[in-house]
Every structure is written in C-alpha cells, then in structure tokens.
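What follows is the content of work-v5.cif (mmCIF, C-alpha atoms).
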```
data_model
loop_
_atom_site.label_atom_id
_atom_site.label_comp_id
_atom_site.auth_asym_id
_atom_site.auth_seq_id
_atom_site.Cartn_x
_atom_site.Cartn_y
_atom_site.Cartn_z
CA MET A 273 76.54 92.08 93.06
CA ASP A 274 77.36 95.71 92.31
CA SER A 275 76.34 98.32 94.86
CA ALA A 276 76.69 102.02 95.42
CA VAL A 277 75.81 104.26 98.31
CA ARG A 278 72.13 105.19 98.00
CA ARG A 279 70.86 108.38 99.62
CA ASP A 280 67.41 109.90 99.83
CA SER A 281 65.51 111.76 102.53
CA THR A 282 65.00 108.69 104.67
CA THR A 283 67.60 106.06 103.74
CA VAL A 284 71.38 105.93 103.82
CA THR A 285 72.97 102.65 102.80
CA SER A 286 76.75 102.26 102.70
CA PRO A 287 79.27 99.44 103.11
CA ALA A 288 80.22 100.90 106.49
CA GLN A 289 76.63 100.74 107.67
CA LEU A 290 76.51 97.14 106.53
CA GLY A 291 79.47 96.48 108.83
CA TYR A 292 82.29 96.58 106.29
CA ARG A 293 85.73 98.01 107.02
CA MET A 294 89.14 97.95 105.35
CA PRO A 295 91.50 95.75 107.41
CA ALA A 296 95.09 96.80 107.98
CA GLU A 297 97.80 95.19 105.88
CA PHE A 298 99.29 93.59 108.99
CA GLU A 299 96.05 91.64 109.60
CA PRO A 300 95.78 88.06 108.24
CA HIS A 301 95.66 87.62 104.47
CA ALA A 302 93.89 85.06 102.35
CA ALA A 303 96.19 85.96 99.45
CA THR A 304 98.44 88.56 97.87
CA TRP A 305 97.70 89.82 94.36
CA ILE A 306 100.33 90.80 91.82
CA ALA A 307 100.11 91.49 88.07
CA TRP A 308 102.96 90.01 86.06
CA PRO A 309 104.94 92.81 84.36
CA HIS A 310 104.54 93.17 80.61
CA HIS A 311 104.68 96.92 79.87
CA GLY A 312 108.29 97.22 78.80
CA ALA A 313 108.16 101.02 78.59
CA ASP A 314 107.99 101.15 82.40
CA TRP A 315 111.48 99.59 82.52
CA PRO A 316 113.25 100.50 79.28
CA GLY A 317 115.77 97.81 78.47
CA LYS A 318 115.20 96.03 81.80
CA ILE A 319 111.94 94.09 81.48
CA ALA A 320 113.69 90.68 81.39
CA ALA A 321 115.49 91.48 84.65
CA ILE A 322 112.20 92.65 86.19
CA HIS A 323 110.65 89.23 85.53
CA PHE A 324 113.29 87.67 87.78
CA VAL A 325 112.62 90.25 90.49
CA TYR A 326 108.98 89.18 90.37
CA VAL A 327 110.06 85.55 90.68
CA GLU A 328 111.86 86.43 93.92
CA ILE A 329 108.84 88.34 95.19
CA THR A 330 106.52 85.44 94.39
CA ARG A 331 108.84 82.91 96.03
CA ALA A 332 109.02 85.01 99.21
CA LEU A 333 105.26 85.52 99.39
CA ALA A 334 104.40 81.88 98.65
CA ARG A 335 106.18 80.81 101.82
CA SER A 336 103.25 82.07 103.88
CA GLU A 337 100.22 82.68 101.66
CA THR A 338 98.58 82.15 98.31
CA VAL A 339 99.85 84.39 95.52
CA ARG A 340 97.25 85.36 92.92
CA VAL A 341 98.94 86.37 89.69
CA ILE A 342 97.23 88.38 86.96
CA VAL A 343 98.56 87.53 83.50
CA GLN A 344 97.71 88.82 80.02
CA SER A 345 96.85 85.56 78.26
CA PRO A 346 96.89 81.76 78.60
CA ALA A 347 100.25 81.78 76.81
CA ALA A 348 101.64 84.25 79.36
CA ARG A 349 100.33 82.01 82.14
CA THR A 350 102.28 79.08 80.70
CA ARG A 351 105.47 81.16 80.45
CA VAL A 352 105.19 82.51 84.00
CA ARG A 353 104.37 79.09 85.43
CA ARG A 354 107.46 77.65 83.74
CA LEU A 355 109.65 80.48 85.05
CA LEU A 356 108.38 80.03 88.61
CA SER A 357 108.82 76.28 88.42
CA LYS A 358 112.45 76.63 87.34
CA ALA A 359 113.03 78.83 90.40
CA HIS A 360 111.39 76.21 92.68
CA VAL A 361 108.48 78.43 93.63
CA PRO A 362 105.78 76.17 95.16
CA LEU A 363 103.14 76.31 92.43
CA ALA A 364 100.50 74.88 94.76
CA ARG A 365 100.53 78.33 96.38
CA VAL A 366 100.14 80.23 93.07
CA GLU A 367 96.86 80.90 91.29
CA PHE A 368 96.61 82.56 87.88
CA PHE A 369 93.93 84.93 86.57
CA VAL A 370 93.92 85.86 82.89
CA VAL A 371 92.87 89.52 82.82
CA ARG A 372 94.26 92.08 80.40
CA THR A 373 95.89 95.14 81.97
CA ASN A 374 97.89 98.14 80.80
CA ARG A 375 100.53 97.92 83.54
CA GLY A 376 101.38 95.90 86.61
CA TRP A 377 100.82 98.29 89.53
CA THR A 378 98.18 96.19 91.28
CA ARG A 379 98.09 98.39 94.38
CA ASP A 380 96.62 101.24 92.40
CA PHE A 381 94.23 99.73 89.86
CA GLY A 382 93.29 96.53 91.68
CA PRO A 383 90.56 95.73 94.21
CA ILE A 384 90.57 97.36 97.63
CA PHE A 385 89.04 94.69 99.83
CA VAL A 386 86.74 95.25 102.81
CA THR A 387 85.45 92.72 105.32
CA SER A 388 82.46 92.22 107.56
CA HIS A 389 80.97 89.36 109.52
CA GLY A 390 79.37 88.35 106.23
CA GLY A 391 82.68 87.92 104.46
CA VAL A 392 84.89 89.82 102.03
CA ALA A 393 83.76 92.35 99.43
CA ILE A 394 85.49 94.55 96.86
CA THR A 395 85.44 98.31 96.56
CA ASP A 396 85.98 99.31 92.96
CA TRP A 397 87.21 102.89 92.86
CA ARG A 398 87.70 104.58 89.52
CA PHE A 399 91.27 104.40 88.21
CA ASN A 400 92.30 107.21 85.83
CA GLY A 401 95.98 106.45 85.28
CA TRP A 402 97.13 108.64 88.18
CA ALA A 403 95.51 111.57 86.30
CA LYS A 404 98.59 111.41 84.08
CA TYR A 405 98.73 108.43 81.70
CA PRO A 406 96.05 107.98 79.02
CA ASN A 407 96.63 104.24 78.56
CA HIS A 408 94.72 102.99 81.58
CA ARG A 409 91.39 101.65 80.33
CA LEU A 410 92.28 97.98 80.75
CA ASP A 411 93.55 98.64 84.27
CA ALA A 412 90.36 100.55 85.08
CA ALA A 413 88.19 97.58 84.07
CA ALA A 414 90.21 94.88 85.86
CA THR A 415 88.61 95.14 89.31
CA ALA A 416 85.08 94.59 88.00
CA THR A 417 86.30 91.53 86.10
CA LEU A 418 88.00 90.12 89.19
CA ALA A 419 84.90 90.71 91.33
CA THR A 420 82.91 88.60 88.88
CA ARG A 421 85.54 85.87 88.78
CA LEU A 422 85.74 85.78 92.58
CA ARG A 423 81.95 86.03 92.97
CA MET A 424 82.40 88.80 95.49
CA ARG A 425 80.08 91.66 96.26
CA ARG A 426 81.31 94.82 94.55
CA PHE A 427 80.79 98.34 95.84
CA VAL A 428 81.31 101.21 93.38
CA PRO A 429 82.14 104.47 95.23
CA THR A 430 80.22 107.43 93.82
CA LYS A 431 79.46 111.03 94.68
CA ASP A 432 76.67 112.95 92.94
CA GLY A 433 76.50 110.28 90.26
CA ARG A 434 80.24 110.31 89.51
CA ARG A 435 82.65 107.53 90.40
CA VAL A 436 85.30 108.52 92.94
CA VAL A 437 88.94 108.15 91.87
CA LEU A 438 91.34 106.47 94.31
CA GLU A 439 94.55 104.44 94.13
CA GLY A 440 95.50 102.00 96.87
CA GLY A 441 98.97 103.53 97.19
CA SER A 442 97.48 106.85 98.25
CA ILE A 443 96.08 105.48 101.52
CA ASP A 444 97.19 103.37 104.48
CA VAL A 445 94.92 102.20 107.31
CA ASN A 446 95.35 100.81 110.81
CA GLY A 447 92.18 98.71 110.57
CA ARG A 448 90.64 100.45 113.59
CA GLY A 449 89.30 103.55 111.87
CA SER A 450 92.36 105.69 111.07
CA LEU A 451 93.60 106.37 107.54
CA LEU A 452 96.74 108.16 106.34
CA THR A 453 96.87 110.06 103.05
CA THR A 454 98.43 113.21 101.58
CA GLU A 455 97.12 116.57 100.49
CA GLU A 456 99.48 116.57 97.51
CA CYS A 457 97.87 113.46 96.04
CA LEU A 458 94.19 113.90 96.81
CA LEU A 459 93.70 117.67 97.11
CA SER A 460 96.19 119.22 94.68
CA PRO A 461 95.02 120.63 91.33
CA VAL A 462 98.09 118.95 89.81
CA GLN A 463 97.18 115.42 88.63
CA ALA A 464 93.79 116.08 90.21
CA ARG A 465 91.94 112.84 90.92
CA ASN A 466 88.63 114.34 91.95
CA PRO A 467 88.54 118.04 91.10
CA ASN A 468 84.82 118.11 91.88
CA LEU A 469 85.28 116.85 95.45
CA SER A 470 86.21 118.76 98.61
CA ARG A 471 88.30 117.47 101.49
CA ALA A 472 85.06 116.74 103.36
CA ASP A 473 83.67 114.81 100.36
CA ILE A 474 86.77 112.62 100.19
CA GLU A 475 86.65 111.96 103.93
CA ARG A 476 82.99 110.99 103.62
CA ALA A 477 83.83 108.54 100.84
CA PHE A 478 86.44 106.92 103.10
CA GLN A 479 83.88 106.71 105.87
CA ASP A 480 81.16 105.20 103.67
CA TYR A 481 83.23 102.70 101.73
CA LEU A 482 86.20 101.82 103.96
CA GLY A 483 84.71 102.23 107.43
CA VAL A 484 87.16 105.03 108.28
CA THR A 485 86.37 107.51 111.06
CA ASN A 486 89.67 109.39 111.36
CA VAL A 487 91.41 110.76 108.24
CA LEU A 488 94.99 111.96 108.80
CA TRP A 489 96.42 114.34 106.19
CA LEU A 490 100.14 114.55 105.54
CA GLY A 491 101.54 117.16 103.16
CA ARG A 492 103.82 116.31 100.23
CA GLY A 493 105.32 113.10 98.91
CA ILE A 494 108.91 112.27 98.00
CA ALA A 495 110.91 113.58 95.05
CA GLY A 496 110.56 111.55 91.87
CA ASP A 497 107.13 110.16 92.70
CA ASP A 498 105.12 110.48 89.49
CA THR A 499 101.93 109.61 91.37
CA HIS A 500 102.24 113.07 92.97
CA GLY A 501 102.30 112.15 96.62
CA HIS A 502 101.44 108.53 97.39
CA VAL A 503 101.60 107.89 101.11
CA ASP A 504 103.09 104.40 100.73
CA ASP A 505 106.46 106.01 100.02
CA LEU A 506 106.18 108.12 103.19
CA THR A 507 104.43 106.80 106.26
CA ARG A 508 102.99 103.38 107.09
CA PHE A 509 101.10 101.72 109.91
CA VAL A 510 102.94 98.75 111.40
CA ASN A 511 100.38 98.13 114.15
CA PRO A 512 97.24 99.99 115.24
CA ARG A 513 99.16 102.63 117.21
CA THR A 514 102.61 102.72 115.56
CA VAL A 515 103.72 104.33 112.31
CA VAL A 516 107.04 104.40 110.53
CA THR A 517 107.91 107.49 108.55
CA VAL A 518 110.87 108.33 106.32
CA VAL A 519 113.13 111.26 107.17
CA GLU A 520 115.96 113.01 105.35
CA PRO A 521 118.46 114.80 107.64
CA ASN A 522 120.44 116.38 104.79
CA PRO A 523 119.10 119.96 104.50
CA ARG A 524 120.37 120.19 100.91
CA ASP A 525 118.25 117.24 99.79
CA GLU A 526 114.92 118.14 98.20
CA ASN A 527 113.16 115.63 100.46
CA HIS A 528 114.37 117.26 103.67
CA ALA A 529 111.70 119.95 104.10
CA PRO A 530 108.57 118.00 103.10
CA LEU A 531 109.54 114.97 105.20
CA ALA A 532 110.30 117.19 108.21
CA GLU A 533 106.88 118.81 107.81
CA ASN A 534 105.20 115.40 107.65
CA LEU A 535 106.98 114.37 110.85
CA ARG A 536 105.75 117.53 112.57
CA ARG A 537 102.20 116.73 111.51
CA LEU A 538 102.47 113.13 112.72
CA LYS A 539 103.52 114.30 116.16
CA ARG A 540 100.31 116.32 116.43
CA MET A 541 98.06 113.56 115.12
CA ARG A 542 95.86 111.29 117.22
CA ASP A 543 94.30 107.93 116.47
CA GLN A 544 90.58 107.23 116.28
CA ASP A 545 90.46 107.07 120.10
CA GLY A 546 92.30 110.34 120.65
CA ARG A 547 95.67 108.79 121.53
CA PRO A 548 99.04 109.86 120.06
CA PHE A 549 100.90 107.49 117.80
CA THR A 550 104.25 105.90 118.46
CA ILE A 551 106.43 107.23 115.63
CA VAL A 552 109.51 105.38 114.36
CA GLU A 553 111.81 107.00 111.82
CA LEU A 554 113.18 105.25 108.74
CA PRO A 555 116.13 106.62 106.76
CA MET A 556 115.98 107.43 103.08
CA PRO A 557 118.47 105.81 100.69
CA GLU A 558 120.89 108.02 98.84
CA PRO A 559 119.29 109.53 95.71
CA ILE A 560 119.15 107.26 92.68
CA ARG A 561 119.35 109.25 89.46
CA TYR A 562 119.64 108.74 85.76
CA GLU A 563 120.54 111.92 83.87
CA SER A 564 118.02 114.51 85.17
CA LEU A 565 115.59 111.95 86.60
CA ARG A 566 115.42 111.08 90.29
CA VAL A 567 113.46 107.91 90.96
CA PRO A 568 111.26 107.43 94.07
CA ALA A 569 113.43 105.07 96.10
CA SER A 570 112.00 104.65 99.62
CA TYR A 571 112.21 102.02 102.32
CA ALA A 572 108.61 102.84 103.29
CA ASN A 573 107.43 100.96 100.19
CA PHE A 574 107.63 97.64 102.03
CA TYR A 575 104.90 94.98 101.95
CA ILE A 576 103.60 93.13 105.02
CA ALA A 577 102.83 89.46 104.31
CA ASN A 578 101.44 86.90 106.76
CA LYS A 579 104.82 85.73 108.05
CA SER A 580 107.26 88.16 106.48
CA VAL A 581 107.88 91.74 105.47
CA LEU A 582 109.36 92.37 102.04
CA MET A 583 111.48 95.54 101.96
CA PRO A 584 113.12 97.14 98.91
CA THR A 585 116.90 97.45 99.10
CA PHE A 586 119.10 99.70 96.97
CA ASN A 587 122.76 98.66 97.47
CA ASP A 588 122.89 101.48 100.00
CA PRO A 589 124.52 101.72 103.46
CA HIS A 590 121.09 102.63 104.83
CA ASP A 591 119.67 99.28 103.74
CA ARG A 592 120.87 97.62 106.92
CA ILE A 593 119.48 100.33 109.17
CA ALA A 594 116.07 100.07 107.53
CA LEU A 595 116.07 96.25 107.68
CA ASP A 596 117.02 96.29 111.36
CA THR A 597 114.34 98.87 112.13
CA LEU A 598 111.63 96.76 110.54
CA ALA A 599 112.96 93.65 112.30
CA GLN A 600 112.42 95.36 115.65
CA LEU A 601 108.92 96.44 114.65
CA PHE A 602 107.91 92.99 113.33
CA PRO A 603 109.52 90.52 115.75
CA THR A 604 107.29 87.61 114.62
CA ARG A 605 107.86 88.14 110.89
CA GLU A 606 110.93 87.48 108.76
CA ILE A 607 112.31 90.61 107.13
CA ILE A 608 113.27 89.87 103.51
CA GLY A 609 115.23 92.36 101.44
CA ILE A 610 114.34 92.45 97.74
CA HIS A 611 116.92 94.09 95.49
CA ALA A 612 114.98 96.98 93.90
CA VAL A 613 117.50 99.10 91.99
CA ASP A 614 116.13 97.81 88.68
CA LEU A 615 112.55 97.71 89.95
CA VAL A 616 112.46 101.36 91.02
CA TRP A 617 113.24 102.48 87.45
CA GLY A 618 109.56 101.73 86.89
CA LEU A 619 108.84 104.45 89.49
CA GLY A 620 107.53 102.04 92.09
CA THR A 621 108.61 99.04 94.15
CA LEU A 622 107.14 96.35 96.38
CA HIS A 623 104.07 97.96 97.89
CA CYS A 624 103.08 99.48 94.57
CA LEU A 625 102.93 96.10 92.84
CA THR A 626 101.13 94.08 95.55
CA GLN A 627 97.61 94.12 97.00
CA GLN A 628 96.48 92.14 100.02
CA GLN A 629 93.26 90.15 100.10
CA PRO A 630 92.23 89.81 103.75
CA LYS A 631 90.85 86.70 105.30
CA GLY A 632 87.07 86.65 105.66
#
```

structure tokens encoding of this file:
Amino acid sequence: MDSAVRRDSTTVTSPAQLGYRMPAEFEPHAATWIAWPHHGADWPGKIAAIHFVYVEITRALARSETVRVIVQSPAARTRVRRLLSKAHVPLARVEFFVVRTNRGWTRDFGPIFVTSHGGVAITDWRFNGWAKYPNHRLDAAATATLATRLRMRRFVPTKDGRRVVLEGGSIDVNGRGSLLTTEECLLSPVQARNPNLSRADIERAFQDYLGVTNVLWLGRGIAGDDTHGHVDDLTRFVNPRTVVTVVEPNPRDENHAPLAENLRRLKRMRDQDGRPFTIVELPMPEPIRYESLRVPASYANFYIANKSVLMPTFNDPHDRIALDTLAQLFPTREIIGIHAVDLVWGLGTLHCLTQQQPKG
C-alpha cells in the first residue's frame, strides 16, 4: 500500500501519527541490505577486488543476521552465490533480490524503514543521484519495487505535491526522537536536494515520516565527500545519549576547522528530553589521495550489526585507536575491521553500502 501525508482543514494523517518511527541502527535488525557492486566506473580498475571486499562484509554480517543482497539479474545471483559459497559464507543467511540498479550505495537509494506496533513499513524518499549524477533512475525506482516484493506498506514523503529528496547517509537517529544531519547537505544551494523546501519544511518531513521531534544540525562534511556533507562520515549515535564524532587536530588539514565547528555545536546540543549528549571523539585517518583527489576516508562510516560493528580500516596508525574506541562503546558486540583502502576509491565505505531492516 502506498501512502502519503494527507492534509486538509480537518485531517492530518502521517506515519508518525499512525505510531511509526525510525529505529536506531543499534536496535535489533531483521536483516541488512546490500546491493552487489557492478558499476565499474565507481572503482576504476578495482571492481574485481571490490567483489572480495563485499564477500568479507557479507560473511561478517551473516554471523548475526540475514543479509539481503540486491543483484542485477538471475545470472548475477548465480555468480554471487558461487563466490560466497567458495568463501564459506553461510548461504542459509543470505537472500537474493533481483532488482536492477545504477550503483550499489544501498544506504542512499534504498528503503528507510520505520516501525510501529503494527509492524514494519517503508518510507520511499525521492533519490536524485545526490543532485549530481544523472544516471540514477534505476536506483530511484528500487525502493518501490522492494516494497512490493516485501509486501510492506510504503509511505511516499511529499510536500506541496512534490516528493521530498533524502538519502539515508544524510541522517542518523537515536530512535528516541533525535536526528542528526548537516546544513551542507540539506540546506546548501550546491547539490541542492530540495531547493523548494525551507529548514522548517525539512524538519516537518522528518517529524511526519520518521517520528522525529528533535532535529540537530551540524555544519559541513569532510573533504572529498562528493555527497556534499553526509553525516555518516561525521557523527553517529552509538546509544540514545552518546555520539561519536570525528576530529582532526592538525590545523593545516582542511578537515580541521569544519570538524572543530561540528564539535562545538555538539557540545551545545540537547537530546529530545533536553539532556546533553555524551560525546566521544574518533580520530581521522591520514589523508588518502590520488593525484589531486582526496577520498572521504572516515572511521565514522562504521555499520552496527546485531552482534558486531564493522569499521573501515585504512592501513593507518589510527586504525587501532578507532577500533579500541568502538570496542569500549560496544562492549557486547565484536568490532570487525574491514580493509577499505580499495573500497573508499568509490567515495564511500561500509555505512554507505548497507541499510538495516529493523525487527517488527
């Protein structure tokens, strides 16, 4: 069933009023979604190596939950199944969905799930290729297809008759009403997602469709991020009252000033109940560059699974510090480092390519 917020002089109907909310990533999952990589231009000359990175990701996730894999065709499903089997991934924990896509960044084009006492539903925000890439039409249609396949209720966020643009990597929630995002991504005229919407309009969309009551605005994202400011490279909730945020102490690094400003903002922020957050700092890895390009390497792009946390590593001395920090924050979960030097050439890592489906 497809639904949209309906407003007239007497009636307001929204997912939030029906009891739906977006759970936090650290809440229990029914599954994790990934889309098997096939767009070789994202990783020039490296796509074969990227397949093996995805094998490692799938193997790590399948230890604690179902992995739902989007593939391009039945033939691709056969190839991926064979590759996973050779690597001893438990195929009983892997489910395949044949849905054509342009790329593999499931976090941004895929479903954003919400839950209520009645079960799980899908919010299907418009995807416009990060307001940058024209080849996004298959990605934009994927969520509606998956909602039909899953037989889930589908909410289509709109404002004044227009669909609202949102990528999952631009938000992070604590599941209690607070949401983190950035002004650079959602309010900037550069790569503008919703040029017709004000800050208040965007906050209202979060309230109506995700059950959010407290929107927290950081400033700018990290250098090299071609999404123009996704929060999942910056600051993440690890429990309802604790956030981790990346910092760069080197004043000559281009990330120093924006990350310091974000930290200042976090210290002034309060949760949905008016309480300050516990703030834990994560280091940044040393810059990874190729010619004039700096890629968006960040330890904040980790993914929280049911019994583990997958964190990107970069052959960097700061890897150990970041792994130890997350181990202290997630004492009941195994912290698994995934080598991401090749992966980040695609301008994203672990959080960008995954999407959690919460338990109903």

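Atom pair CA of Thr597 in chain A / CA of Leu554 in chain A: separated by 7.3 Å.
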
**Request:** Name every residue that the PyMOL selection byres ((chain A and resi 566) around 10) selects in this structure, writing the answer as a list in words with chains first and numbers rising.
**Result:**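 Taken on the displayed file, the PyMOL selection byres ((chain A and resi 566) around 10) yields the residues Ala495, Gly496, Asp497, Pro559, Ile560, Arg561, Tyr562, Glu563, Ser564, Leu565, Val567, Pro568, Ala569, Trp617 and Leu619 of chain A.
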
**Item:** A:Ser345, A:Ser450, A:Thr304, A:Gln479 ranked by distance to Thr378 in chain A, top pick (using all atoms listed in the file)
**Value:**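 Checking each of A:Ser345, A:Ser450, A:Thr304, A:Gln479 against Thr378 in chain A, counting all atoms listed in the file, the winner is A:Thr304.
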
**Request:** Enumerate, as a list of chain:residue names, the residues matched when the PyMOL selection byres ((chain A and resi 611) around 7) is run on the file above.
**Result:**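 Selected by the PyMOL selection byres ((chain A and resi 611) around 7) in this file: A:Pro584, A:Thr585, A:Phe586, A:Gly609, A:Ile610, A:Ala612, A:Val613.
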
Let me see the file: selected residues, C-alpha atoms, as a short mmCIF file (atom, residue, chain, number, x, y, z; two decimals), in the coordinates of the input.
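Everything below was put into part14.cif:
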```cif
data_model
loop_
_atom_site.label_atom_id
_atom_site.label_comp_id
_atom_site.auth_asym_id
_atom_site.auth_seq_id
_atom_site.Cartn_x
_atom_site.Cartn_y
_atom_site.Cartn_z
CA PRO A 584 113.12 97.14 98.91
CA THR A 585 116.90 97.45 99.10
CA PHE A 586 119.10 99.70 96.97
CA GLY A 609 115.23 92.36 101.44
CA ILE A 610 114.34 92.45 97.74
CA ALA A 612 114.98 96.98 93.90
CA VAL A 613 117.50 99.10 91.99
#
```

**Asked** Suppose you want the space between CA of Gly433 in chain A and CA of Ala416 in chain A; what is it in Å?
**Response**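 Computing the Euclidean distance for CA of Gly433 in chain A and CA of Ala416 in chain A yields 18.0 Å.
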